[in-house]
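Colleague: File follows, data-v4.tsv with TSV, C-alpha atoms:
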```
chain	number	residue	atom	x	y	z
A	1	MET	CA	0.00	0.00	0.00
A	2	ASN	CA	1.27	3.47	-0.93
A	3	ILE	CA	0.10	6.33	1.31
A	4	LEU	CA	0.43	10.09	0.76
A	5	GLN	CA	0.59	12.19	3.94
A	6	LEU	CA	-0.62	15.79	3.54
A	7	LEU	CA	0.97	18.25	5.97
A	8	THR	CA	-0.55	21.72	5.76
A	9	SER	CA	1.70	23.60	8.21
A	10	LEU	CA	5.17	23.26	9.71
A	11	HIS	CA	3.75	24.90	12.85
A	12	ASP	CA	1.57	21.83	13.45
A	13	GLU	CA	3.91	19.98	15.84
A	14	ILE	CA	1.59	17.11	16.71
A	15	SER	CA	0.93	16.33	13.03
A	16	ILE	CA	4.67	16.39	12.31
A	17	ARG	CA	5.22	13.86	15.09
A	18	ALA	CA	2.31	11.69	13.95
A	19	ILE	CA	3.51	11.61	10.32
A	20	ALA	CA	7.01	10.59	11.42
A	21	ALA	CA	5.65	7.79	13.65
A	22	TYR	CA	3.18	6.57	11.03
A	23	SER	CA	5.90	6.55	8.35
A	24	LYS	CA	8.14	4.35	10.51
A	25	ILE	CA	5.31	1.91	11.24
A	26	LEU	CA	4.21	1.77	7.60
A	27	LYS	CA	7.77	1.11	6.45
A	28	ASP	CA	8.12	-1.73	8.97
A	29	ASN	CA	4.92	-3.23	7.55
A	30	ASP	CA	6.03	-3.09	3.90
A	31	CYS	CA	4.05	0.03	3.01
A	32	ASN	CA	5.39	3.22	1.45
A	33	SER	CA	4.78	6.62	3.08
A	34	TYR	CA	5.14	9.75	0.95
A	35	VAL	CA	4.93	13.26	2.42
A	36	PHE	CA	3.59	16.37	0.70
A	37	ALA	CA	4.70	19.24	2.92
A	38	PRO	CA	5.89	22.86	3.11
A	39	LEU	CA	9.61	23.52	2.83
A	40	GLY	CA	11.56	23.29	6.11
A	41	ARG	CA	13.96	21.38	8.33
A	42	GLU	CA	11.23	18.91	9.31
A	43	LEU	CA	11.61	17.24	5.90
A	44	SER	CA	14.89	15.61	6.94
A	45	TYR	CA	13.10	14.48	10.12
A	46	PHE	CA	10.50	12.64	8.02
A	47	LYS	CA	13.21	10.98	5.91
A	48	ARG	CA	14.91	9.71	9.04
A	49	TRP	CA	11.70	7.92	9.99
A	50	GLY	CA	11.30	6.20	6.62
A	51	ALA	CA	9.14	8.62	4.64
A	52	GLU	CA	9.87	9.83	1.12
A	53	ILE	CA	9.29	13.49	0.27
A	54	ALA	CA	6.90	13.43	-2.68
A	55	SER	CA	6.88	17.21	-3.14
A	56	GLN	CA	7.12	20.44	-1.20
A	57	SER	CA	6.00	24.05	-1.56
A	58	ALA	CA	8.78	26.48	-2.46
A	59	THR	CA	9.12	28.84	0.48
A	60	SER	CA	6.10	28.93	2.75
A	61	ALA	CA	5.74	27.30	6.17
A	62	ASP	CA	2.09	26.66	5.24
A	63	ILE	CA	0.34	25.24	2.17
A	64	VAL	CA	-2.74	26.75	0.56
A	65	TYR	CA	-4.43	24.10	-1.56
A	66	TYR	CA	-5.30	26.13	-4.66
A	67	LYS	CA	-5.91	24.53	-8.07
A	68	ALA	CA	-2.24	24.21	-9.08
A	69	ILE	CA	-1.42	22.40	-5.81
A	70	ILE	CA	-4.38	20.03	-6.25
A	71	LYS	CA	-3.19	19.29	-9.78
A	72	GLU	CA	0.31	18.56	-8.45
A	73	ILE	CA	-1.08	16.20	-5.81
A	74	CYS	CA	-3.08	14.37	-8.50
A	75	LYS	CA	0.12	13.83	-10.50
A	76	ILE	CA	1.83	12.39	-7.42
A	77	VAL	CA	-1.13	10.08	-6.75
A	78	SER	CA	-0.90	8.80	-10.32
A	79	SER	CA	2.90	8.48	-10.57
A	80	LYS	CA	3.36	6.87	-7.12
A	81	SER	CA	0.26	4.64	-7.36
A	82	ILE	CA	-1.14	6.20	-4.19
A	83	ALA	CA	-4.12	4.30	-2.77
A	84	THR	CA	-4.75	6.42	0.34
A	85	ILE	CA	-4.33	10.06	1.34
A	86	HIS	CA	-3.82	10.65	5.07
A	87	VAL	CA	-4.83	14.14	6.26
A	88	TYR	CA	-4.45	15.93	9.59
A	89	ASP	CA	-6.70	18.99	9.40
A	90	MET	CA	-9.76	20.27	7.54
A	91	ALA	CA	-7.67	22.02	4.87
A	92	GLY	CA	-5.99	18.72	4.01
A	93	TYR	CA	-9.33	16.91	4.09
A	94	LYS	CA	-10.91	19.35	1.63
A	95	ALA	CA	-7.86	19.04	-0.62
A	96	ALA	CA	-8.16	15.23	-0.54
A	97	LEU	CA	-11.82	15.51	-1.54
A	98	GLN	CA	-10.79	17.63	-4.53
A	99	VAL	CA	-8.18	15.05	-5.51
A	100	SER	CA	-10.77	12.26	-5.22
A	101	LYS	CA	-12.79	13.89	-8.01
A	102	SER	CA	-9.99	13.05	-10.45
A	103	CYS	CA	-8.31	10.05	-8.80
A	104	ARG	CA	-9.67	6.94	-7.12
A	105	ILE	CA	-8.29	7.30	-3.59
A	106	LYS	CA	-9.34	6.55	-0.03
A	107	ILE	CA	-9.06	9.13	2.74
A	108	ILE	CA	-7.96	8.64	6.33
A	109	PHE	CA	-8.22	11.52	8.82
A	110	SER	CA	-6.25	11.94	12.06
A	111	LEU	CA	-8.37	14.01	14.42
A	112	LEU	CA	-5.44	15.30	16.48
A	113	LYS	CA	-6.56	18.73	17.66
A	114	ALA	CA	-10.32	18.87	18.00
A	115	THR	CA	-11.95	15.70	19.28
A	116	SER	CA	-15.43	17.09	19.71
A	117	GLU	CA	-18.60	15.50	18.40
A	118	GLU	CA	-19.32	18.63	16.35
A	119	THR	CA	-16.02	18.30	14.48
A	120	VAL	CA	-16.40	14.62	13.66
A	121	ILE	CA	-20.05	14.70	12.73
A	122	GLY	CA	-20.52	18.22	11.45
A	123	LEU	CA	-17.39	18.54	9.34
A	124	LEU	CA	-16.50	15.03	8.22
A	125	ASN	CA	-19.96	13.70	7.35
A	126	LYS	CA	-23.02	14.72	5.40
A	127	THR	CA	-26.62	13.81	6.24
A	128	ILE	CA	-29.33	12.30	4.06
A	129	PHE	CA	-32.69	11.87	5.77
A	130	GLY	CA	-30.95	11.95	9.13
A	131	GLU	CA	-28.44	9.19	8.33
A	132	PHE	CA	-24.72	10.00	8.51
A	133	ILE	CA	-22.64	9.03	5.50
A	134	PRO	CA	-18.98	8.48	6.46
A	135	ARG	CA	-16.45	9.99	4.06
A	136	VAL	CA	-13.23	8.98	5.82
A	137	THR	CA	-11.76	6.54	8.29
A	138	THR	CA	-11.05	8.66	11.36
A	139	LEU	CA	-8.26	8.19	13.91
A	140	VAL	CA	-8.82	9.66	17.39
A	141	PRO	CA	-5.80	9.98	19.75
A	142	SER	CA	-7.86	10.24	22.93
A	143	LYS	CA	-9.35	7.02	24.32
A	144	THR	CA	-12.03	8.98	26.18
A	145	ALA	CA	-13.15	10.90	23.09
A	146	TYR	CA	-13.02	7.70	21.02
A	147	LYS	CA	-15.28	5.81	23.45
A	148	GLU	CA	-17.78	8.68	23.63
A	149	LEU	CA	-18.01	8.98	19.85
A	150	LEU	CA	-18.16	5.24	19.31
A	151	THR	CA	-20.91	4.77	21.89
A	152	LYS	CA	-23.07	7.57	20.55
A	153	TYR	CA	-22.64	6.83	16.85
A	154	SER	CA	-22.12	3.05	16.75
A	155	ARG	CA	-25.31	2.64	14.69
A	156	LYS	CA	-24.27	5.26	12.16
A	157	ASN	CA	-21.48	3.10	10.70
A	158	ILE	CA	-18.78	5.73	11.27
A	159	ASP	CA	-15.26	4.26	11.05
A	160	LEU	CA	-13.53	5.45	14.22
A	161	PHE	CA	-10.22	4.11	15.57
A	162	TYR	CA	-8.29	4.90	18.73
A	163	VAL	CA	-4.64	5.60	17.79
A	164	PRO	CA	-2.53	7.71	20.20
A	165	VAL	CA	0.49	9.73	19.05
A	166	PRO	CA	3.74	8.36	20.54
A	167	VAL	CA	6.60	10.39	21.98
A	168	ASP	CA	9.85	10.52	20.02
A	169	PHE	CA	12.27	8.95	22.50
A	170	THR	CA	15.22	9.49	20.15
A	171	ILE	CA	14.89	13.20	21.00
A	172	PHE	CA	13.75	13.05	24.63
A	173	ASP	CA	16.65	10.91	25.79
A	174	GLU	CA	18.26	12.17	29.00
A	175	LYS	CA	21.64	10.60	28.16
A	176	LYS	CA	21.92	12.47	24.84
A	177	ILE	CA	21.37	15.94	26.27
A	178	SER	CA	24.77	17.46	26.97
A	179	GLN	CA	25.47	19.53	30.06
A	180	GLU	CA	26.98	22.27	27.89
A	181	ARG	CA	23.71	22.84	26.01
A	182	THR	CA	21.72	23.09	29.23
A	183	ILE	CA	24.19	25.44	30.92
A	184	SER	CA	24.26	27.61	27.80
A	185	LEU	CA	20.48	27.90	27.91
A	186	ALA	CA	20.49	28.70	31.64
A	187	THR	CA	23.07	31.43	31.02
A	188	GLN	CA	20.88	32.87	28.27
A	189	TRP	CA	18.02	33.07	30.74
A	190	GLY	CA	20.27	34.61	33.41
A	191	MET	CA	19.43	31.87	35.90
A	192	LEU	CA	22.86	30.76	37.03
A	193	GLU	CA	23.54	33.89	39.08
A	194	LYS	CA	20.45	33.36	41.21
A	195	PRO	CA	19.40	29.68	41.04
A	196	ARG	CA	15.72	28.89	41.50
A	197	HIS	CA	13.28	26.17	40.61
A	198	ILE	CA	12.16	26.52	37.00
A	199	ILE	CA	8.55	26.04	35.90
A	200	PHE	CA	8.33	25.75	32.13
A	201	THR	CA	5.16	26.72	30.24
A	202	LYS	CA	3.89	27.78	26.83
A	203	ALA	CA	2.13	31.08	26.26
A	204	TYR	CA	-1.40	31.56	24.92
A	205	PHE	CA	-1.28	35.33	24.52
A	206	HIS	CA	-4.39	35.39	22.34
A	207	SER	CA	-6.47	34.44	25.39
A	208	LYS	CA	-7.24	37.21	27.89
A	209	LYS	CA	-8.31	34.47	30.27
A	210	TRP	CA	-4.86	32.84	30.08
A	211	GLN	CA	-3.15	36.21	30.54
A	212	ASN	CA	-5.11	36.95	33.70
A	213	GLN	CA	-4.57	33.44	35.06
A	214	ILE	CA	-0.79	33.43	34.61
A	215	ILE	CA	-0.47	36.95	36.10
A	216	LYS	CA	-2.53	36.00	39.15
A	217	LEU	CA	-0.65	32.72	39.57
A	218	SER	CA	2.77	34.37	39.33
A	219	ALA	CA	1.73	37.07	41.80
A	220	ASN	CA	0.81	34.31	44.27
A	221	LEU	CA	4.11	32.48	43.75
A	222	GLU	CA	6.07	35.72	44.19
A	223	LYS	CA	4.98	35.71	47.83
A	224	LEU	CA	6.70	32.38	48.53
A	225	PRO	CA	9.90	32.25	50.62
A	226	GLU	CA	13.09	32.94	48.66
A	227	ASN	CA	14.35	29.35	48.98
A	228	ILE	CA	11.38	27.92	47.03
A	229	ARG	CA	10.33	30.91	44.91
A	230	PRO	CA	10.46	29.74	41.25
A	231	TYR	CA	10.99	31.21	37.83
A	232	ILE	CA	8.08	30.67	35.45
A	233	VAL	CA	9.66	30.52	31.99
A	234	VAL	CA	6.96	31.48	29.49
A	235	LEU	CA	7.71	30.41	25.92
A	236	LYS	CA	6.40	33.05	23.50
A	237	ASN	CA	5.41	30.45	20.91
A	238	ARG	CA	4.78	32.55	17.77
A	239	ALA	CA	2.87	35.38	19.47
A	240	ASN	CA	2.45	38.65	17.57
A	241	ASN	CA	3.99	41.90	18.86
A	242	LYS	CA	0.67	43.40	19.95
A	243	GLN	CA	-0.19	40.37	22.11
A	244	VAL	CA	3.26	40.32	23.70
A	245	SER	CA	3.23	44.08	24.40
A	246	GLU	CA	-0.21	43.82	26.01
A	247	PHE	CA	0.96	41.01	28.25
A	248	GLU	CA	4.28	42.68	29.17
A	249	GLU	CA	2.39	45.78	30.26
A	250	LYS	CA	0.31	43.67	32.63
A	251	TYR	CA	3.16	41.82	34.30
A	252	PHE	CA	5.55	44.78	34.48
A	253	LYS	CA	2.74	46.78	36.05
A	254	ASN	CA	2.60	44.12	38.74
A	255	ARG	CA	6.43	44.32	39.12
A	256	ASN	CA	6.60	40.59	38.66
A	257	SER	CA	9.97	38.98	39.38
A	258	VAL	CA	8.75	35.42	38.85
A	259	LEU	CA	7.81	35.53	35.17
A	260	CYS	CA	10.47	35.25	32.44
A	261	LEU	CA	9.40	35.70	28.81
A	262	MET	CA	11.53	33.66	26.42
A	263	ASP	CA	11.68	33.57	22.64
A	264	GLU	CA	10.61	30.37	20.92
A	265	LEU	CA	13.05	27.56	21.61
A	266	THR	CA	14.47	25.21	19.00
A	267	ASP	CA	16.21	23.23	21.75
A	268	LEU	CA	13.07	22.21	23.62
A	269	GLU	CA	14.56	19.10	25.20
A	270	ALA	CA	17.35	21.14	26.82
A	271	GLY	CA	14.77	23.62	28.11
A	272	LEU	CA	12.70	20.83	29.64
A	273	LYS	CA	15.78	19.34	31.28
A	274	LEU	CA	16.37	22.64	33.11
A	275	SER	CA	12.85	22.61	34.55
A	276	THR	CA	11.26	20.24	37.04
A	277	ILE	CA	7.64	21.28	36.49
A	278	TYR	CA	5.71	21.73	33.25
A	279	LEU	CA	2.70	24.02	33.56
A	280	GLU	CA	-0.01	23.63	30.90
A	281	LEU	CA	-2.77	26.24	31.09
A	282	ASN	CA	-4.22	25.79	27.61
A	283	ASN	CA	-7.55	27.57	27.50
A	284	LYS	CA	-8.97	24.82	25.26
A	285	ASN	CA	-10.33	22.42	27.82
A	286	GLU	CA	-10.43	19.12	25.88
A	287	PHE	CA	-7.13	19.12	23.99
A	288	TYR	CA	-4.70	16.28	23.27
A	289	SER	CA	-1.34	17.76	24.28
A	290	LEU	CA	1.86	16.27	22.92
A	291	ASP	CA	3.64	18.94	25.01
A	292	ILE	CA	2.45	17.22	28.19
A	293	LEU	CA	3.82	13.87	27.01
A	294	ASN	CA	7.13	15.47	25.99
A	295	ALA	CA	7.45	17.12	29.40
A	296	LEU	CA	6.77	13.84	31.20
A	297	ALA	CA	9.32	12.13	28.95
A	298	MET	CA	11.90	14.61	30.27
A	299	ALA	CA	10.93	13.79	33.88
A	300	ASN	CA	8.94	16.98	34.50
A	301	THR	CA	5.91	16.83	36.79
A	302	VAL	CA	2.87	18.15	34.90
A	303	VAL	CA	0.47	20.63	36.52
A	304	SER	CA	-2.58	21.44	34.42
A	305	TRP	CA	-6.34	21.77	34.28
A	306	GLN	CA	-8.46	18.75	35.07
A	307	ASN	CA	-10.24	17.09	32.16
A	308	SER	CA	-10.73	13.58	30.84
A	309	ILE	CA	-7.98	13.81	28.21
A	310	ASN	CA	-5.35	15.11	30.64
A	311	LYS	CA	-6.20	12.19	32.94
A	312	GLU	CA	-5.23	9.87	30.08
A	313	LEU	CA	-1.91	11.61	29.46
A	314	VAL	CA	-0.86	11.96	33.10
A	315	PRO	CA	-0.17	8.97	35.40
A	316	ASP	CA	-2.67	8.29	38.18
A	317	GLU	CA	-0.15	9.44	40.79
A	318	PHE	CA	-0.23	12.94	39.23
A	319	HIS	CA	-4.01	13.37	39.04
A	320	ASP	CA	-3.92	15.42	42.24
A	321	TYR	CA	-1.93	18.04	40.30
A	322	LEU	CA	-4.81	18.46	37.83
A	323	THR	CA	-6.96	21.36	38.96
A	324	VAL	CA	-10.54	22.34	38.18
A	325	ASN	CA	-10.33	24.86	35.33
A	326	GLY	CA	-9.74	28.38	36.64
A	327	ASP	CA	-9.05	27.50	40.31
A	328	ILE	CA	-5.88	29.58	40.76
A	329	LYS	CA	-5.84	29.09	44.53
A	330	LYS	CA	-5.67	25.29	44.18
A	331	LEU	CA	-3.18	25.61	41.31
A	332	THR	CA	-0.91	27.75	43.52
A	333	GLN	CA	-1.12	25.17	46.31
A	334	ASN	CA	-0.24	22.31	43.93
A	335	LEU	CA	2.83	24.17	42.66
A	336	THR	CA	3.85	25.16	46.20
A	337	ASP	CA	3.67	21.51	47.34
A	338	LEU	CA	5.94	20.48	44.46
A	339	LEU	CA	8.42	23.30	45.14
A	340	ARG	CA	8.68	22.22	48.78
A	341	MET	CA	9.51	18.61	47.88
A	342	ASN	CA	12.97	17.36	48.79
A	343	SER	CA	15.21	16.47	45.84
A	344	ARG	CA	14.90	12.72	46.37
A	345	LYS	CA	11.11	12.76	46.25
A	346	ARG	CA	11.17	15.17	43.28
A	347	ASP	CA	13.48	12.84	41.33
A	348	PHE	CA	11.19	9.89	42.09
A	349	THR	CA	8.17	11.89	40.87
A	350	GLY	CA	9.98	12.75	37.64
A	351	ARG	CA	10.97	9.13	37.00
A	352	THR	CA	7.39	7.99	37.62
A	353	GLY	CA	6.10	10.29	34.87
A	354	ARG	CA	8.86	9.34	32.45
A	355	ASN	CA	8.31	5.60	32.95
A	356	TYR	CA	4.57	6.07	32.40
A	357	VAL	CA	5.15	7.70	29.01
A	358	ILE	CA	7.79	5.14	27.99
A	359	ASN	CA	5.43	2.26	28.79
A	360	ASN	CA	2.21	3.71	27.36
A	361	PHE	CA	3.06	6.10	24.52
A	362	ASN	CA	5.67	4.20	22.55
A	363	MET	CA	5.74	3.05	18.93
A	364	LYS	CA	5.20	-0.61	19.76
A	365	ASN	CA	1.90	0.04	21.54
A	366	MET	CA	0.64	2.13	18.63
A	367	GLU	CA	1.70	-0.08	15.72
A	368	GLU	CA	-1.10	-2.66	15.93
A	369	LEU	CA	-3.74	0.06	16.37
A	370	LEU	CA	-2.57	2.02	13.32
A	371	ILE	CA	-2.17	-0.98	11.01
A	372	ASP	CA	-5.63	-2.24	12.01
A	373	ALA	CA	-7.11	1.11	10.93
A	374	TYR	CA	-5.26	1.03	7.60
A	375	ARG	CA	-6.33	-2.55	6.89
A	376	THR	CA	-10.00	-1.58	7.02
A	377	LEU	CA	-9.37	0.65	4.01
A	378	SER	CA	-8.69	-2.39	1.83
A	379	PHE	CA	-12.30	-3.46	2.37
A	380	SER	CA	-13.81	-0.09	1.45
A	381	LYS	CA	-14.34	1.44	-1.96
A	382	ALA	CA	-12.26	4.34	-3.16
A	383	SER	CA	-13.94	7.74	-3.48
```
Take the structure I supplied and represent it as structure tokens, if you would.

Modeller:
Amino acid sequence: MNILQLLTSLHDEISIRAIAAYSKILKDNDCNSYVFAPLGRELSYFKRWGAEIASQSATSADIVYYKAIIKEICKIVSSKSIATIHVYDMAGYKAALQVSKSCRIKIIFSLLKATSEETVIGLLNKTIFGEFIPRVTTLVPSKTAYKELLTKYSRKNIDLFYVPVPVDFTIFDEKKISQERTISLATQWGMLEKPRHIIFTKAYFHSKKWQNQIIKLSANLEKLPENIRPYIVVLKNRANNKQVSEFEEKYFKNRNSVLCLMDELTDLEAGLKLSTIYLELNNKNEFYSLDILNALAMANTVVSWQNSINKELVPDEFHDYLTVNGDIKKLTQNLTDLLRMNSRKRDFTGRTGRNYVINNFNMKNMEELLIDAYRTLSFSKAS
């Protein structure tokens, strides 16, 4: 079987990881994985995992599927004898539908970001007299979301499969991260002169709710005794200048000495090695976070909002660190408890999280699930 993977954006980290993992599994099962993607350094990453680059856009980090691009994809489908197009967002799905008008292909969709009923039913299917007509085989990374959708729509003949996205342990390997890289990063942050615990987090500047939450949280942590007062390293993560300026005005106004705004990191694993706690305050409540798994893989304790998907990603021992959404008082207490831990207990906590990810989110566990989903395509008709 020859599969074409459509990647719309190089900013889509979870899709990049999924394509790499799927390519490796497909190669090991005598299938060929081709990638149609924007131009960027991730292309060599795909090759390393067994994919072949079918084509790439010239300069952009994102692809717009206009007519010329659709025509190019059709040529690839024909020349490579592609049987299936695997897509990862609605733009890719719509492009695959356009291709299917000219070529006989099957479509498989990885629902990595939005796992809601509305997305699956409203966007992927059409209705005729109240009956849902499935257009694609759909992979859902969350077991909770998969069970809910399967239970509710089992009579509608919708092809749903539970396939989690594994962590790339060739990157998040403690032994391969040199001390020099980590010290260099700590020097860049100015944290060697005055050592503190480091809490690592991503920014969601577009959300006023997130801005207010992180300001309130940092103000609470600033009151802690000097020996446990942390740095919260906030990764800017492609924010625009207006959003950053608005946020800086808020936290400078509060004279905050806990928050540290950092430019986007290319050396994420070194950054996570510096920290002991990963703080995830994503304002999207039900969201499959590869960042949480990456942090656990680097032995960080994860503190986040409480929801069914986070409970899947975080080991049972850490569920107490999941807080009801918006409860800053409880969130402060959870972080304070972690900061007061002795080093031996903190190391044990970190190892617990890392072992959980190694045992549950590895390639071996995912291989059978993915191949099972692909095999169902051989029994279905092409579009």

Colleague: Tell me which protein, DNA and RNA residues are within 12 Å of range 99-108 of chain A, counting all atoms listed in the file, leaving out same-chain ones fewer than 4 positions away, and put them as number ranges by chain.

Modeller: A: 1-6, 65-79, 81-90, 92-95, 124, 134-140, 159-161, 370, 373-383

Colleague: So, counting all atoms listed in the file, which residue among A:Gly50, A:Gly326, A:Pro225, A:Pro141 is closest to Tyr162 in chain A?

Modeller: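 That would be A:Pro141, the residue with the smallest distance to Tyr162 in chain A.
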
Colleague: Might you pull out every residue within 10 Å of Asn334 in chain A, with all atoms listed in the file counted and same-chain residues fewer than 2 positions away left off, and present them as a PyMOL selection string?

Modeller: chain A and resi 303-304+320-323+328-332+336-339

Colleague: Could you check which of A:Ala203, A:Cys31, A:Ile63, A:Ala91 is closest to His11 in chain A, using all atoms listed in the file?

Modeller: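 Closest residue, counting all atoms listed in the file: A:Ile63.
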
Colleague: Report, as lines of an AutoDock Vina configuration file, the centre and edge lengths in Å (one decimal) of the axis-aligned box enclosing every listed atom of range 35-46 of chain A, padded by 5 Å on each side.

Modeller:
```
center_x = 9.2
center_y = 18.1
center_z = 5.4
size_x = 21.3
size_y = 20.9
size_z = 19.4
```

Colleague: Using only C-alpha atoms, what does the table of range 317-379 of chain A residues within 10 Å of range 278-301 of chain A look like, with each row giving the shortest atom pair and its distance in Å to one decimal, sorted by chain and ascending number, as JSON lines?

Modeller:
```
{"residue": "A:Phe318", "atom": "CA", "partner": "A:Thr301", "partner_atom": "CA", "distance": 7.7}
{"residue": "A:Tyr321", "atom": "CA", "partner": "A:Thr301", "partner_atom": "CA", "distance": 8.7}
{"residue": "A:Leu322", "atom": "CA", "partner": "A:Glu280", "partner_atom": "CA", "distance": 9.9}
{"residue": "A:Asn325", "atom": "CA", "partner": "A:Asn285", "partner_atom": "CA", "distance": 7.9}
{"residue": "A:Gly326", "atom": "CA", "partner": "A:Leu281", "partner_atom": "CA", "distance": 9.2}
{"residue": "A:Leu331", "atom": "CA", "partner": "A:Leu279", "partner_atom": "CA", "distance": 9.9}
{"residue": "A:Leu335", "atom": "CA", "partner": "A:Leu279", "partner_atom": "CA", "distance": 9.1}
{"residue": "A:Leu338", "atom": "CA", "partner": "A:Thr301", "partner_atom": "CA", "distance": 8.5}
{"residue": "A:Arg346", "atom": "CA", "partner": "A:Thr301", "partner_atom": "CA", "distance": 8.5}
{"residue": "A:Asp347", "atom": "CA", "partner": "A:Ala299", "partner_atom": "CA", "distance": 7.9}
{"residue": "A:Phe348", "atom": "CA", "partner": "A:Ala299", "partner_atom": "CA", "distance": 9.1}
{"residue": "A:Thr349", "atom": "CA", "partner": "A:Thr301", "partner_atom": "CA", "distance": 6.8}
{"residue": "A:Gly350", "atom": "CA", "partner": "A:Ala299", "partner_atom": "CA", "distance": 4.0}
{"residue": "A:Arg351", "atom": "CA", "partner": "A:Ala299", "partner_atom": "CA", "distance": 5.6}
{"residue": "A:Thr352", "atom": "CA", "partner": "A:Ala299", "partner_atom": "CA", "distance": 7.8}
{"residue": "A:Gly353", "atom": "CA", "partner": "A:Leu296", "partner_atom": "CA", "distance": 5.1}
{"residue": "A:Arg354", "atom": "CA", "partner": "A:Ala297", "partner_atom": "CA", "distance": 4.5}
{"residue": "A:Asn355", "atom": "CA", "partner": "A:Ala297", "partner_atom": "CA", "distance": 7.7}
{"residue": "A:Tyr356", "atom": "CA", "partner": "A:Leu296", "partner_atom": "CA", "distance": 8.2}
{"residue": "A:Val357", "atom": "CA", "partner": "A:Ala297", "partner_atom": "CA", "distance": 6.1}
{"residue": "A:Ile358", "atom": "CA", "partner": "A:Ala297", "partner_atom": "CA", "distance": 7.2}
{"residue": "A:Phe361", "atom": "CA", "partner": "A:Leu293", "partner_atom": "CA", "distance": 8.2}
```

Colleague: One decimal, in Å: what's the spacing between CA of Glu148 in chain A and CA of Val165 in chain A?

Modeller: 18.9 Å

Colleague: I'd like to know which of A:Val163, A:Ile14, A:Leu272, A:Leu43 is closest to Asn360 in chain A, using all atoms listed in the file.

Modeller: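 Between A:Val163, A:Ile14, A:Leu272, A:Leu43, the residue approaching Asn360 in chain A most closely is A:Val163.
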
Colleague: Could you please determine the separation between CA of Ser308 in chain A and CA of Ala21 in chain A in Å, to one decimal place?

Modeller: 24.4 Å

Colleague: Give me, as a list in words, all polymer residues having an atom no more than 7 Å from Val324 in chain A, counting only C-alpha atoms and skipping those fewer than 3 positions away in the same chain.

Modeller: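 Near neighbours after the sequence-gap exclusion: Trp305, Gln306 and Asp327 of chain A.
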
Colleague: Please determine, counting all atoms listed in the file, which residue among A:Lys236, A:Lys113, A:Arg17, A:Lys216 has the shortest atom-to-atom distance to Thr201 in chain A.

Modeller: A:Lys236

Colleague: Could you jot down the CA of Val302 in chain A to CA of Lys345 in chain A separation for me, Å, one decimal place?

Modeller: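 Separation between CA of Val302 in chain A and CA of Lys345 in chain A: 15.0 Å.
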
Colleague: Taking all atoms listed in the file into account, name the residue in A:Ser257, A:Asn310, A:Thr276, A:Ser343 that is nearest to Ser218 in chain A.

Modeller: A:Ser257

Colleague: Let me make sure I understand: among A:Arg340, A:Lys143, A:Lys242, A:Lys27, which one has the smallest atom-to-atom distance to Leu369 in chain A if we use all atoms listed in the file?

Modeller: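 Closest candidate: A:Lys143.
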